[in-house]
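Novice: Okay, here's the structure, questions in a sec.
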Amino acid sequence: MVEVKRGKMANGGNIEMVDGREIAELKLEQRYKYLGIQQTYEIRQKENTEDTKNELMKRVRKILKTQLSARNIIEALNTWAIPSFLYTAGVLTWTKTELQQIDRRIRTTLTEYGMHHPNSAIERLYLPRKQGGRGLTNMEQACLKEKQNLSTYFRNTHLPVQQWIMTHGDRNIITPEDSAEEPVIQNHIERLEQSWQAKALHGRFHASLSQQEVDQAGSHTYLTQGYLYPQSEATFLAIQDQVVPTRTYSKYVMKLPVETTKCRLCNDAEESVQHISSACSTIAGTKYLARHDNMGKVVHQLLCLQYGLLQSLTPHHLYSPQPIVENDSFKVYWDITISTDIAVEHNRPDVVVWNKINRTVVIVDFTVPMDGNLKKSYDEKKKKYEALSRQMRDMWRLNKVEVMPLIISCNGLVHEFTTKHLRQLKLPPNAITWMQKAVILGTINIIRQVVYPH
Ligand SMILES: [Zn+2]
């Protein structure tokens, strides 16, 4: 209980209630906590801000120690750690600088746990997942918004007490500039996106994402589903942001004394992230092939299930396709050479689906190109199997032969025709999830093994 006389706390003694219990008087140096904020006659700004920050960071660390998936860990931060802080917006005074410091403290803590690469795009940490970000709440923005909600509430409520506050004004809650800040908040996401786009190095992946052929929503699947470990998600974004310590990065960005910028594997091309991820001849037949096959196996298994050639789903990493599977209606080939009367150069597509009833064939071929080569790879694949298509149509007396290249870039970019073809093949929507997952895990493994060998 606090008794106030002429604006000062006074010693009024305990208050006795009708049932004989007493409410203790609050001594001058004591405080009590109400709705999480230390109260006395005046709210103690300094102690409260320290308490609030400590509570926030305690919760952040507690969450980062868990085994949650990438999306769930951010979700936990947004719904359990950050609200403990936001609650004080408009009650305690936070300066812009203080809020920025708190955002930075959360980022460095994420880095400490391997969940945010220190040189990765900061913008992406705060962009929504469906826009290529990780969806973490930004304190500075959230506090501004919270304050605004509060001031909107006071502005729109017409009880005498609210009106009194509006005219006499608690400057923490109502400040004239609040209303001017409104459009700024609405544009926050837009500004993050622009800033990401404008960055010399990070902006390259933004440009790749913006290519006309890219299925944006499909390409963000791993983020919206958020199934990766938070550490793997951070590594993968660092790969996309090209902040991995390759030889060219070490020399030109880190300015380290590097003897050569040629690739440590092939000693031929310049060693960039994109080169190691998808263009090095040394690992084409091994690591790239394994990644390519893992993506293809997903599609093979789903097709066989659909045509009744398989009875149950095997976990994708344990699945190994049979070269030929067949029933009365369908025959599916995996990596089989097709003999033709007139020899054709490219006669071994990844998958051939022969529909015996309709007398049609679909040639399916997989590629994991560099981000910038989506269109080129698609056109190449189409052309590559033209001759084979003609030969098969004549020899097998088919009504139709279609070539469907399925393409996901080494950084997970989904070609819009990949999405279209999967629909034409009537595969379930999670086909894209599993295919992209195979590619992403492949790329992360390649970069980890080549650039960070232990
Ligand atoms: Zn190489």
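A note on labels: chains of the structure tokens are A, B, ... as shown, every chain counts residues from 1, and ligands are counted from 1 in their shown order.
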Neighbours of ligand 1 within 8 Å, counting only C-alpha atoms and all ligand atoms, as a PyMOL selection string?

Specialist: chain A and resi 262-271+275-276+279-283

Novice: Which of region 90-339 of chain A counts as strand (DSSP E) under DSSP, as a ChimeraX atom specification please?

Specialist: /A:324-326,330-334

Novice: Between A:Asp365, A:Asp328, A:Glu75, A:Glu259, which has the minimum distance to His292 (chain A) (counting only C-alpha atoms)?

Specialist: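 The closest residue to His292 (chain A) is A:Asp365.
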
Novice: Rank A:His346, A:Arg134, A:Lys145, A:Lys46 by their smallest atom-to-atom distance to Tyr87 (chain A), using only C-alpha atoms, and report the top residue only.

Specialist: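 When distances to Tyr87 (chain A) are compared using only C-alpha atoms, the smallest one comes from A:Lys145.
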
Novice: Would you compute the distance between CA of Arg105 (chain A) and CA of Thr88 (chain A)? Give it in Å to one decimal.

Specialist: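 According to the coordinates, CA of Arg105 (chain A) and CA of Thr88 (chain A) are separated by 18.1 Å.
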
Novice: Expressed in Å to a single decimal, how great is the separation between CA of Cys304 (chain A) and CA of Val325 (chain A)?

Specialist: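 One can read the CA of Cys304 (chain A) to CA of Val325 (chain A) distance as 8.0 Å.
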
Novice: If we count only C-alpha atoms, what is near Gln436 (chain A) at a cut-off of 10 Å, once residues fewer than 4 positions away on the same chain are taken out, given as number ranges by chain?

Specialist: A: 218-222, 294-295, 298, 407-414, 430-432, 440-442

Novice: Just write the chosen residues, N, CA and C atoms, as a tab-separated table (two decimals), in the first residue's frame.

Specialist:
```
chain	number	residue	atom	x	y	z
A	218	GLY	N	7.65	-21.35	-53.58
A	218	GLY	CA	8.29	-22.67	-53.57
A	218	GLY	C	9.71	-22.58	-53.05
A	219	SER	N	10.42	-21.55	-53.46
A	219	SER	CA	11.82	-21.38	-53.05
A	219	SER	C	11.96	-21.10	-51.56
A	220	HIS	N	10.92	-20.52	-50.95
A	220	HIS	CA	10.98	-20.22	-49.51
A	220	HIS	C	10.44	-21.37	-48.65
A	221	THR	N	10.14	-22.50	-49.28
A	221	THR	CA	9.53	-23.62	-48.54
A	221	THR	C	10.32	-24.00	-47.28
A	222	TYR	N	11.65	-24.13	-47.40
A	222	TYR	CA	12.46	-24.56	-46.24
A	222	TYR	C	12.35	-23.55	-45.10
A	294	ASN	N	19.58	-37.87	-54.65
A	294	ASN	CA	18.69	-37.77	-53.50
A	294	ASN	C	17.42	-36.99	-53.84
A	295	MET	N	17.58	-35.96	-54.64
A	295	MET	CA	16.41	-35.20	-55.08
A	295	MET	C	15.55	-36.06	-56.00
A	298	VAL	N	13.26	-38.88	-54.41
A	298	VAL	CA	12.00	-38.41	-53.84
A	298	VAL	C	10.90	-38.54	-54.89
A	407	ILE	N	14.05	-28.76	-61.81
A	407	ILE	CA	15.25	-27.99	-61.46
A	407	ILE	C	15.09	-27.24	-60.16
A	408	ILE	N	16.03	-27.49	-59.24
A	408	ILE	CA	16.15	-26.69	-58.02
A	408	ILE	C	17.62	-26.31	-57.91
A	409	SER	N	17.92	-25.03	-57.77
A	409	SER	CA	19.32	-24.59	-57.75
A	409	SER	C	19.99	-25.02	-56.45
A	410	CYS	N	21.33	-24.98	-56.44
A	410	CYS	CA	22.09	-25.43	-55.27
A	410	CYS	C	21.70	-24.66	-54.00
A	411	ASN	N	21.18	-23.43	-54.16
A	411	ASN	CA	20.72	-22.66	-52.99
A	411	ASN	C	19.22	-22.77	-52.77
A	412	GLY	N	18.61	-23.75	-53.41
A	412	GLY	CA	17.20	-24.04	-53.13
A	412	GLY	C	16.18	-23.31	-53.98
A	413	LEU	N	16.64	-22.53	-54.98
A	413	LEU	CA	15.68	-21.81	-55.82
A	413	LEU	C	14.91	-22.80	-56.71
A	414	VAL	N	13.60	-22.69	-56.66
A	414	VAL	CA	12.75	-23.60	-57.40
A	414	VAL	C	12.32	-22.96	-58.72
A	430	ASN	N	3.89	-31.81	-50.92
A	430	ASN	CA	5.15	-31.91	-50.16
A	430	ASN	C	6.30	-32.49	-50.97
A	431	ALA	N	6.05	-32.83	-52.25
A	431	ALA	CA	7.14	-33.27	-53.12
A	431	ALA	C	8.22	-32.20	-53.16
A	432	ILE	N	7.78	-30.95	-53.28
A	432	ILE	CA	8.73	-29.84	-53.38
A	432	ILE	C	9.52	-29.71	-52.07
A	440	ILE	N	19.17	-28.92	-50.27
A	440	ILE	CA	19.74	-28.04	-49.24
A	440	ILE	C	20.72	-28.80	-48.34
A	441	LEU	N	20.30	-29.98	-47.88
A	441	LEU	CA	21.20	-30.76	-47.02
A	441	LEU	C	22.47	-31.13	-47.78
A	442	GLY	N	22.30	-31.41	-49.09
A	442	GLY	CA	23.46	-31.72	-49.93
A	442	GLY	C	24.43	-30.56	-49.99
```

Novice: Ranking A:Arg397, A:Leu289, A:Gln197, A:Leu427 by minimum distance to Phe366 (chain A) and counting only C-alpha atoms, which one comes first?

Specialist: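 Counting only C-alpha atoms, the residue closest to Phe366 (chain A) is A:Leu289.
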